[in-house]
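Participant: Before I ask anything, here is the structure I am working with.
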Amino acid sequence: MKIQTAILTVIAAAAFVVAGCSKQSMEPAVDNAKAALASVDTSGLEKAFASADAGTKAALEPVITAVKNADYAGAVTQLKSLGEKFKLTDDQQAAVKDLIAKAQTAISDLAAKATGDATKAAADMTKALGK
């Protein structure tokens, strides 16, 4: 949980740096978020829970919404609690673990890209101040 918080803090800091520099710098960050969103597919999870009871399906909806809103940390937290609150089949557990892994990979990818963008923005700022 501490790692996720640290990663999200780095992403937020990078977003502030990128947003403060110029509109052109923000466009790659938006594209990166869209690319990460496309890489996290919930169809396997939805398929595994298609035959689940109504309570389990209702608990799954916030997870899917979080993934679609690129709130991967929230989705991971909700997926972990889903496994604790409900008795899941082996297929459902595998789908949950798979989506957790994909979400964590997306978080890492976004953090790496944001760090690269922030470094570039800082270098550009240094060059601009030097003139």
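Here, A, B, ... name the chains of the structure tokens in the order displayed, residue numbers run from 1 inside each chain, and ligands are numbered from 1 in the same displayed order.
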Show which residues sit within 12 Å of Ala101 in chain A, as a list in words. Count only C-alpha atoms, and ignore same-chain residues fewer than 3 positions away.
Facilitator: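 In the requested format, the answer is Ser39, Val40, Asp41, Tyr72, Ala73, Ala75, Val76, Leu79, Lys80, Ala94, Ala95, Val96, Lys97, Asp98, Gln104, Thr105, Ala106, Ile107 and Ser108 of chain A.
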Participant: Report, in Å with one decimal, the straight-line distance from CA of Ile64 in chain A to CA of Ala103 in chain A.
Facilitator: 11.5 Å
Participant: Report, in Å with one decimal, the straight-line distance from CA of Asp117 in chain A to CA of Asp71 in chain A.
Facilitator: 20.1 Å
Participant: Measuring atom to atom with only C-alpha atoms, identify which of A:Ala13, A:Thr5, A:Ala128, A:Ala121 is nearest to Thr77 in chain A.
Facilitator: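 Residue with the minimum atom-to-atom distance to Thr77 in chain A: A:Thr5.
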Participant: Determine the nearest neighbour of Lys87 in chain A from the options A:Ile11, A:Ala118, A:Ile100, A:Ala52, counting only C-alpha atoms.
Facilitator: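 Under the stated criterion, the closest residue is A:Ala52.
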Participant: Counting only C-alpha atoms, which residue out of A:Ala54, A:Ala12, A:Ala122, A:Leu45 sits closest to Gln92 in chain A?
Facilitator: A:Leu45
